Number of protein chains: 2
Amino acid sequence: MTTAKAHANIALIKYWGKKDESLFLPFTSSLSLTLDPLYTITTVSKDSTLTKDLFVLNGVTQNSQETEKISKFVDYFRKNNQFVRIESSNSFATAAGLASSASGYAALSKALNQEFEWRYTDLELSRITRKGSGSATRSLFGGFAVWQTGDDESSFGYSLPTQMDIVMVIAVVDDQKKSHSSRSMMKRTVQESAYFEAWVQQSERDFSDMLIAVTERDLRRIGLIAERNAMMMHATLLANQTPFFYLQPKSLEIIQLVQQLREQGIVAYYTMDAGPNVKIITNSTDQAKVIEQLSEILNQDNIIIAKPGPGASIL
Amino acid sequence: MTTAKAHANIALIKYWGKKDESLFLPFTSSLSLTLDPLYTITTVSKDSTLTKDLFVLNGVTQNSQETEKISKFVDYFRKNNQFVRIESSNSFATAAGLASSASGYAALSKALNQEFEWRYTDLELSRITRKGSGSATRSLFGGFAVWQTGDDESSFGYSLPTQMDIVMVIAVVDDQKKSHSSRSMMKRTVQESAYFEAWVQQSERDFSDMLIAVTERDLRRIGLIAERNAMMMHATLLANQTPFFYLQPKSLEIIQLVQQLREQGIVAYYTMDAGPNVKIITNSTDQAKVIEQLSEILNQDNIIIAKPGPGASIL
């Protein structure tokens with residue numbers, strides 16, 4: 001029996017689009033910050049009495065469709081047709097744009113690696129983790145993490161050595177399960193968005209710029225590049241056959257607040273993923289000012305303060 | 001003394017970006033619907049006692065900066081250094097994304113053409129009108145109107161012969177003067193948006209598709225193409241150095257309403273210009289149903305029902 005813990009991450013340069021669906025290769029490299037308060041704890045136990053895998057998420061036994069997805073991933077690690085019992089729980093709402101699949105697959109990978117005695121390094125493990133969930137590739141690593149594009153061999157994750165004062169204030173606009181999964185919207189966007197090619201080109205430039213900004217610990221540049229890169233991702237969806245918004249009216253209110261905060265000289269930038277929640281990038285000095293004004297439009301329960309978190313580990 | 005009247009128009013395929021700032025040539029052809037209830041009435045009178053032009057808008061004498069802009073345009077028509085008095089009034093709020101510059105410059109052109117006895121045809125006149133305001137090129141014409149891209153000679157407006165049952169329900173989210181003029185945002189977007197080139201390419205395809213849809217009087221296709229084309233225009237702004245939204249939270253609420261209306265089988269599509277107002281495309285059968293549900297989120301005073309209007313005329 002092995003228990004592992006992995007943290008969610010929020011991308012500063014987004015992963016948006018696969019160039020190879022079967023090998024799970026992204027069009028572009030992405031870069032994220034792993035976050036301390038959002039994590040998944042997963043226990044994997046080999047059980048010879050089982051006739052198929054068993055998957056329990058947040059105390060609820062999952063149906064065969066959900067379990068089969070997980071079983072396919074377990075197959076990358078499985079030895080001797082051994083079935084496993086998987087018990088997983090999140091410290092936060094599932095599939096609401098808070099990167100639950102990232103921490104989920106990272107924790108599962110880490111646990112399976114140990115339970116089946118593979119002894120893969122994190123870098124080796126990230127190549128397999130990629131096939132469960134792209135963003136999980138980064139959740140194996142702490143702090144600033146990269147998932148680079150490439151081929152089956154060279155598309156892996158690694159962490160950047162930069163440590164700095166950065167805080168993400170997560171504004172939870174809606175913690176319900178998403179009606180459009182990021183996986184399906186992403187696929188549709190690759191196929192039909194008139195802006196997808198331009199997205200790939202600009203995102204590659206943004207990635208290089210972000211690497212420099214992170215290395216130089218330049219929070220202002222990190223924020224500006226992250227903001228534009230996120231909105232460019234959302235803009236690809238507006239160029240689909242039918243325009244699609246992940247933004248809710250409340251998300252836009254929070255974006256407007258961030259713009260006002262910045263006009264007041266407060267460090268605040270925003271990023272958004274495939275959901276309505278807004279993540280505000282700030283530092284420990286200005287964090288209180290951000291939360292004070294955010295509290296005027298959002299319930300305190302819907303505000304999460306997140307500092308950089310560690311990489312996945314065996315408990 | 002000459003008085004002319006011209007109607008505003010709402011583009012179904014947007015004009016967004018000049019390829020030549022000095023000749024006022026657009027990157028792409030645009031296509032619009034001229035609207036009956038939104039119009040400008042302008043009276044031009046030669047006055048030999050004047051030492052410069054005088055411009056009165058909605059009863060208010062305009063400052064020298066506003067007047068000089070107009071004077072430059074009068075120069076295209078002026079004979080013998082004759083100065084003019086211009087009195088103009090709109091049936092609606094100015095510069096709030098309701099195309100006041102389109103009806104304004106179209107009415108002014110029409111009046112100046114007569115007052116200085118040029119006898120230009122509307123097509124000839126549209127080449128000059130273009131230099132006042134691009135979208136005004138289309139407001140010289142009634143119903144469905146085109147402003148085609150080209151060179152100084154071939155970039156003019158004309159009207160399409162299609163007549164059909166189409167209604168625009170205008171949801172006025174904000175009738176305050178815009179903080180970012182469409183002219184300056186457009187210029188910035190041409191210079192810095194990572195999506196501008198892709199916008200030009202797709203918009204050209206949308207224009208051809210829209211021409212066919214209008215010719216076939218296919219309201220569903222007109223609506224779908226208009227919706228996507230508008231959101232693609234707004235999406236170019238998200239790929240600027242600093243992402244920019246013309247959308248307000250309320251605009252997004254109305255967009256979500258339109259999506260719901262369509263799920264209920266009601267004819268409803270949306271378009272937006274360089275401002276927060278949302279224009280809902282429907283027909284006379286479903287107009288009442290659209291207004292009924294729109295009234296739940298917007299004051300009745302902020303809803304304008306617009307049917308196709310005529311071209312500019314001398315009163």
# chains A, B, ... in the order shown; residues from 1 in each chain; ligands from 1

$ interface_residues --of "chain A" --to "chain B" --cutoff "12 Å" --atoms "only C-alpha atoms" --output "ChimeraX atom specification"
/A:192-206,221,223-257,259,269-271

$ select_by_dssp --residues "range 44-250 of chain A" --states "strand (DSSP E)" --output "ChimeraX atom specification"
/A:44-46,54-57,60-61,84-90,144-147,157-159,167-171

$ residues_around --residues "Ser313 in chain B" --least-positions-apart "4" --cutoff "9 Å" --atoms "only C-alpha atoms" --output "list in words"
Thr3, Ala4, Lys5, Ala6, Ala107, Lys110, Ala111 and Leu140 of chain B

$ closest_residue --among "B:Leu123, B:Val172, B:Leu33, B:Ala145" --to "Asp301 in chain B" --atoms "only C-alpha atoms"
B:Val172

$ atom_distance --atom1 "CA of Thr121 in chain B" --atom2 "CA of Asp47 in chain B"
25.4 Å

$ closest_residue --among "B:Ser45, B:Phe141, B:Asn80, B:Asn302" --to "His7 in chain B" --atoms "only C-alpha atoms"
B:Phe141

$ residues_around --residues "Phe144 in chain B" --least-positions-apart "4" --cutoff "8 Å" --atoms "only C-alpha atoms" --output "number ranges by chain"
B: 31-34, 159-162

$ write_last_selection --atoms "C-alpha atoms" --output "PDB file, in the first residue's frame"
ATOM      1  CA  LEU B  31     -21.294  44.350 -44.374  1.00  0.00           C
ATOM      2  CA  SER B  32     -23.989  45.994 -42.302  1.00  0.00           C
ATOM      3  CA  LEU B  33     -27.656  46.597 -41.751  1.00  0.00           C
ATOM      4  CA  THR B  34     -28.840  50.217 -41.753  1.00  0.00           C
ATOM      5  CA  SER B 159     -26.312  48.459 -51.036  1.00  0.00           C
ATOM      6  CA  LEU B 160     -27.460  44.872 -51.525  1.00  0.00           C
ATOM      7  CA  PRO B 161     -30.913  44.314 -53.028  1.00  0.00           C
ATOM      8  CA  THR B 162     -31.992  41.756 -50.381  1.00  0.00           C
TER       9      THR B 162
END

$ closest_residue --among "A:Ser71, A:Gly132, A:Thr189, A:Pro37" --to "Ile303 in chain A" --atoms "only C-alpha atoms"
A:Pro37

$ select_by_dssp --residues "range 52-229 of chain B" --states "alpha helix (DSSP H)" --output "number ranges by chain"
B: 64-74, 100-115, 122-129, 136-139, 182-192, 196-215, 219-229

$ write_last_selection --atoms "C-alpha atoms" --output "PDB file, in the first residue's frame"
ATOM      1  CA  SER B  64     -12.035  73.819 -31.569  1.00  0.00           C
ATOM      2  CA  GLN B  65     -10.610  70.274 -31.469  1.00  0.00           C
ATOM      3  CA  GLU B  66     -13.948  68.680 -32.440  1.00  0.00           C
ATOM      4  CA  THR B  67     -14.647  71.433 -34.961  1.00  0.00           C
ATOM      5  CA  GLU B  68     -11.248  71.078 -36.653  1.00  0.00           C
ATOM      6  CA  LYS B  69     -11.882  67.360 -37.253  1.00  0.00           C
ATOM      7  CA  ILE B  70     -15.124  68.279 -39.013  1.00  0.00           C
ATOM      8  CA  SER B  71     -13.498  71.190 -40.899  1.00  0.00           C
ATOM      9  CA  LYS B  72     -10.931  68.838 -42.398  1.00  0.00           C
ATOM     10  CA  PHE B  73     -13.785  66.778 -43.739  1.00  0.00           C
ATOM     11  CA  VAL B  74     -15.650  69.847 -45.051  1.00  0.00           C
ATOM     12  CA  SER B 100     -23.116  57.798 -34.212  1.00  0.00           C
ATOM     13  CA  SER B 101     -20.078  58.627 -36.330  1.00  0.00           C
ATOM     14  CA  ALA B 102     -21.518  56.516 -39.162  1.00  0.00           C
ATOM     15  CA  SER B 103     -24.847  58.333 -39.350  1.00  0.00           C
ATOM     16  CA  GLY B 104     -23.128  61.634 -38.530  1.00  0.00           C
ATOM     17  CA  TYR B 105     -20.619  61.615 -41.361  1.00  0.00           C
ATOM     18  CA  ALA B 106     -23.127  60.137 -43.824  1.00  0.00           C
ATOM     19  CA  ALA B 107     -25.643  62.930 -43.132  1.00  0.00           C
ATOM     20  CA  LEU B 108     -22.889  65.550 -43.311  1.00  0.00           C
ATOM     21  CA  SER B 109     -21.578  64.189 -46.631  1.00  0.00           C
ATOM     22  CA  LYS B 110     -25.009  64.109 -48.125  1.00  0.00           C
ATOM     23  CA  ALA B 111     -25.716  67.690 -47.024  1.00  0.00           C
ATOM     24  CA  LEU B 112     -22.316  69.050 -48.157  1.00  0.00           C
ATOM     25  CA  ASN B 113     -22.685  67.372 -51.555  1.00  0.00           C
ATOM     26  CA  GLN B 114     -25.876  69.318 -52.130  1.00  0.00           C
ATOM     27  CA  GLU B 115     -24.873  72.578 -50.411  1.00  0.00           C
ATOM     28  CA  ASP B 122     -23.979  57.949 -53.592  1.00  0.00           C
ATOM     29  CA  LEU B 123     -21.256  55.588 -54.774  1.00  0.00           C
ATOM     30  CA  GLU B 124     -18.910  58.467 -55.603  1.00  0.00           C
ATOM     31  CA  LEU B 125     -19.864  60.189 -52.375  1.00  0.00           C
ATOM     32  CA  SER B 126     -19.051  57.045 -50.360  1.00  0.00           C
ATOM     33  CA  ARG B 127     -15.362  57.290 -51.349  1.00  0.00           C
ATOM     34  CA  ILE B 128     -15.185  60.720 -49.715  1.00  0.00           C
ATOM     35  CA  THR B 129     -17.405  59.785 -46.773  1.00  0.00           C
ATOM     36  CA  ALA B 136     -20.243  56.023 -42.556  1.00  0.00           C
ATOM     37  CA  THR B 137     -19.470  54.671 -46.030  1.00  0.00           C
ATOM     38  CA  ARG B 138     -22.231  52.102 -45.423  1.00  0.00           C
ATOM     39  CA  SER B 139     -24.711  54.531 -43.832  1.00  0.00           C
ATOM     40  CA  SER B 182     -12.830  52.662 -31.449  1.00  0.00           C
ATOM     41  CA  ARG B 183     -10.425  54.573 -33.695  1.00  0.00           C
ATOM     42  CA  SER B 184      -7.535  54.486 -31.209  1.00  0.00           C
ATOM     43  CA  MET B 185      -8.168  50.894 -30.026  1.00  0.00           C
ATOM     44  CA  MET B 186      -8.366  49.736 -33.640  1.00  0.00           C
ATOM     45  CA  LYS B 187      -5.028  51.326 -34.453  1.00  0.00           C
ATOM     46  CA  ARG B 188      -3.379  49.797 -31.403  1.00  0.00           C
ATOM     47  CA  THR B 189      -4.787  46.384 -32.277  1.00  0.00           C
ATOM     48  CA  VAL B 190      -3.421  46.536 -35.836  1.00  0.00           C
ATOM     49  CA  GLN B 191      -0.003  47.349 -34.362  1.00  0.00           C
ATOM     50  CA  GLU B 192       0.185  44.891 -31.488  1.00  0.00           C
ATOM     51  CA  PHE B 196      -4.664  40.565 -36.183  1.00  0.00           C
ATOM     52  CA  GLU B 197      -3.367  38.723 -39.251  1.00  0.00           C
ATOM     53  CA  ALA B 198      -5.603  35.718 -38.526  1.00  0.00           C
ATOM     54  CA  TRP B 199      -8.534  38.114 -38.056  1.00  0.00           C
ATOM     55  CA  VAL B 200      -8.008  39.575 -41.523  1.00  0.00           C
ATOM     56  CA  GLN B 201      -7.836  36.148 -43.127  1.00  0.00           C
ATOM     57  CA  GLN B 202     -10.930  34.732 -41.419  1.00  0.00           C
ATOM     58  CA  SER B 203     -12.941  37.919 -41.799  1.00  0.00           C
ATOM     59  CA  GLU B 204     -12.457  37.807 -45.561  1.00  0.00           C
ATOM     60  CA  ARG B 205     -13.911  34.278 -45.591  1.00  0.00           C
ATOM     61  CA  ASP B 206     -16.758  35.391 -43.307  1.00  0.00           C
ATOM     62  CA  PHE B 207     -17.553  38.268 -45.685  1.00  0.00           C
ATOM     63  CA  SER B 208     -17.968  35.901 -48.653  1.00  0.00           C
ATOM     64  CA  ASP B 209     -20.114  33.534 -46.585  1.00  0.00           C
ATOM     65  CA  MET B 210     -22.236  36.430 -45.350  1.00  0.00           C
ATOM     66  CA  LEU B 211     -22.823  37.725 -48.887  1.00  0.00           C
ATOM     67  CA  ILE B 212     -24.259  34.311 -49.782  1.00  0.00           C
ATOM     68  CA  ALA B 213     -26.323  34.073 -46.574  1.00  0.00           C
ATOM     69  CA  VAL B 214     -27.827  37.543 -47.181  1.00  0.00           C
ATOM     70  CA  THR B 215     -28.537  36.798 -50.825  1.00  0.00           C
ATOM     71  CA  LEU B 219     -31.369  34.406 -41.133  1.00  0.00           C
ATOM     72  CA  ARG B 220     -29.891  31.472 -39.214  1.00  0.00           C
ATOM     73  CA  ARG B 221     -26.648  31.619 -41.191  1.00  0.00           C
ATOM     74  CA  ILE B 222     -26.566  35.408 -41.071  1.00  0.00           C
ATOM     75  CA  GLY B 223     -26.848  35.195 -37.281  1.00  0.00           C
ATOM     76  CA  LEU B 224     -24.231  32.491 -36.816  1.00  0.00           C
ATOM     77  CA  ILE B 225     -21.654  34.190 -39.045  1.00  0.00           C
ATOM     78  CA  ALA B 226     -22.310  37.605 -37.468  1.00  0.00           C
ATOM     79  CA  GLU B 227     -21.901  36.219 -33.967  1.00  0.00           C
ATOM     80  CA  ARG B 228     -18.584  34.565 -34.651  1.00  0.00           C
ATOM     81  CA  ASN B 229     -17.230  37.468 -36.674  1.00  0.00           C
TER      82      ASN B 229
END

$ residues_around --residues "Ile304 in chain B" --least-positions-apart "6" --cutoff "8 Å" --atoms "only C-alpha atoms" --output "number ranges by chain"
B: 169-172

$ closest_residue --among "A:Asn81, A:Ser29, A:Gln293, A:Thr2" --to "Val44 in chain A" --atoms "only C-alpha atoms"
A:Thr2

$ closest_residue --among "B:Pro26, B:Val267, B:Asn299, B:Asp174" --to "Phe156 in chain B" --atoms "only C-alpha atoms"
B:Pro26

$ decode --residues "range 185-212 of chain B" --atoms "N, CA and C atoms" --output "tab-separated table (two decimals), in the first residue's frame"
chain	number	residue	atom	x	y	z
B	185	MET	N	-8.34	52.31	-30.38
B	185	MET	CA	-8.17	50.89	-30.03
B	185	MET	C	-7.88	50.07	-31.27
B	186	MET	N	-8.55	50.43	-32.37
B	186	MET	CA	-8.37	49.74	-33.64
B	186	MET	C	-6.92	49.86	-34.11
B	187	LYS	N	-6.39	51.07	-34.00
B	187	LYS	CA	-5.03	51.33	-34.45
B	187	LYS	C	-4.03	50.53	-33.61
B	188	ARG	N	-4.26	50.53	-32.30
B	188	ARG	CA	-3.38	49.80	-31.40
B	188	ARG	C	-3.42	48.30	-31.71
B	189	THR	N	-4.61	47.81	-32.02
B	189	THR	CA	-4.79	46.38	-32.28
B	189	THR	C	-4.07	45.97	-33.56
B	190	VAL	N	-4.15	46.82	-34.59
B	190	VAL	CA	-3.42	46.54	-35.84
B	190	VAL	C	-1.93	46.42	-35.53
B	191	GLN	N	-1.44	47.31	-34.66
B	191	GLN	CA	0.00	47.35	-34.36
B	191	GLN	C	0.45	46.20	-33.49
B	192	GLU	N	-0.36	45.82	-32.48
B	192	GLU	CA	0.18	44.89	-31.49
B	192	GLU	C	-0.53	43.56	-31.31
B	193	SER	N	-1.72	43.38	-31.84
B	193	SER	CA	-2.41	42.11	-31.57
B	193	SER	C	-1.77	40.95	-32.30
B	194	ALA	N	-1.51	39.88	-31.55
B	194	ALA	CA	-0.95	38.66	-32.13
B	194	ALA	C	-1.97	37.95	-33.02
B	195	TYR	N	-3.23	38.36	-32.93
B	195	TYR	CA	-4.28	37.70	-33.72
B	195	TYR	C	-4.73	38.53	-34.91
B	196	PHE	N	-4.11	39.69	-35.15
B	196	PHE	CA	-4.66	40.56	-36.18
B	196	PHE	C	-4.62	39.95	-37.59
B	197	GLU	N	-3.50	39.34	-37.92
B	197	GLU	CA	-3.37	38.72	-39.25
B	197	GLU	C	-4.42	37.63	-39.46
B	198	ALA	N	-4.61	36.80	-38.43
B	198	ALA	CA	-5.60	35.72	-38.53
B	198	ALA	C	-7.02	36.29	-38.63
B	199	TRP	N	-7.24	37.42	-37.95
B	199	TRP	CA	-8.53	38.11	-38.06
B	199	TRP	C	-8.81	38.51	-39.50
B	200	VAL	N	-7.83	39.11	-40.14
B	200	VAL	CA	-8.01	39.58	-41.52
B	200	VAL	C	-8.35	38.40	-42.43
B	201	GLN	N	-7.61	37.32	-42.27
B	201	GLN	CA	-7.84	36.15	-43.13
B	201	GLN	C	-9.23	35.55	-42.93
B	202	GLN	N	-9.63	35.36	-41.66
B	202	GLN	CA	-10.93	34.73	-41.42
B	202	GLN	C	-12.07	35.67	-41.77
B	203	SER	N	-11.87	36.97	-41.53
B	203	SER	CA	-12.94	37.92	-41.80
B	203	SER	C	-13.25	38.00	-43.30
B	204	GLU	N	-12.22	37.84	-44.11
B	204	GLU	CA	-12.46	37.81	-45.56
B	204	GLU	C	-13.34	36.62	-45.96
B	205	ARG	N	-13.07	35.46	-45.33
B	205	ARG	CA	-13.91	34.28	-45.59
B	205	ARG	C	-15.33	34.52	-45.08
B	206	ASP	N	-15.44	35.11	-43.88
B	206	ASP	CA	-16.76	35.39	-43.31
B	206	ASP	C	-17.56	36.33	-44.21
B	207	PHE	N	-16.87	37.31	-44.81
B	207	PHE	CA	-17.55	38.27	-45.68
B	207	PHE	C	-18.18	37.55	-46.88
B	208	SER	N	-17.43	36.66	-47.51
B	208	SER	CA	-17.97	35.90	-48.65
B	208	SER	C	-19.16	35.05	-48.22
B	209	ASP	N	-19.02	34.37	-47.08
B	209	ASP	CA	-20.11	33.53	-46.58
B	209	ASP	C	-21.35	34.38	-46.27
B	210	MET	N	-21.12	35.57	-45.72
B	210	MET	CA	-22.24	36.43	-45.35
B	210	MET	C	-22.96	36.95	-46.59
B	211	LEU	N	-22.21	37.28	-47.64
B	211	LEU	CA	-22.82	37.72	-48.89
B	211	LEU	C	-23.81	36.67	-49.39
B	212	ILE	N	-23.39	35.42	-49.34
B	212	ILE	CA	-24.26	34.31	-49.78
B	212	ILE	C	-25.47	34.19	-48.86
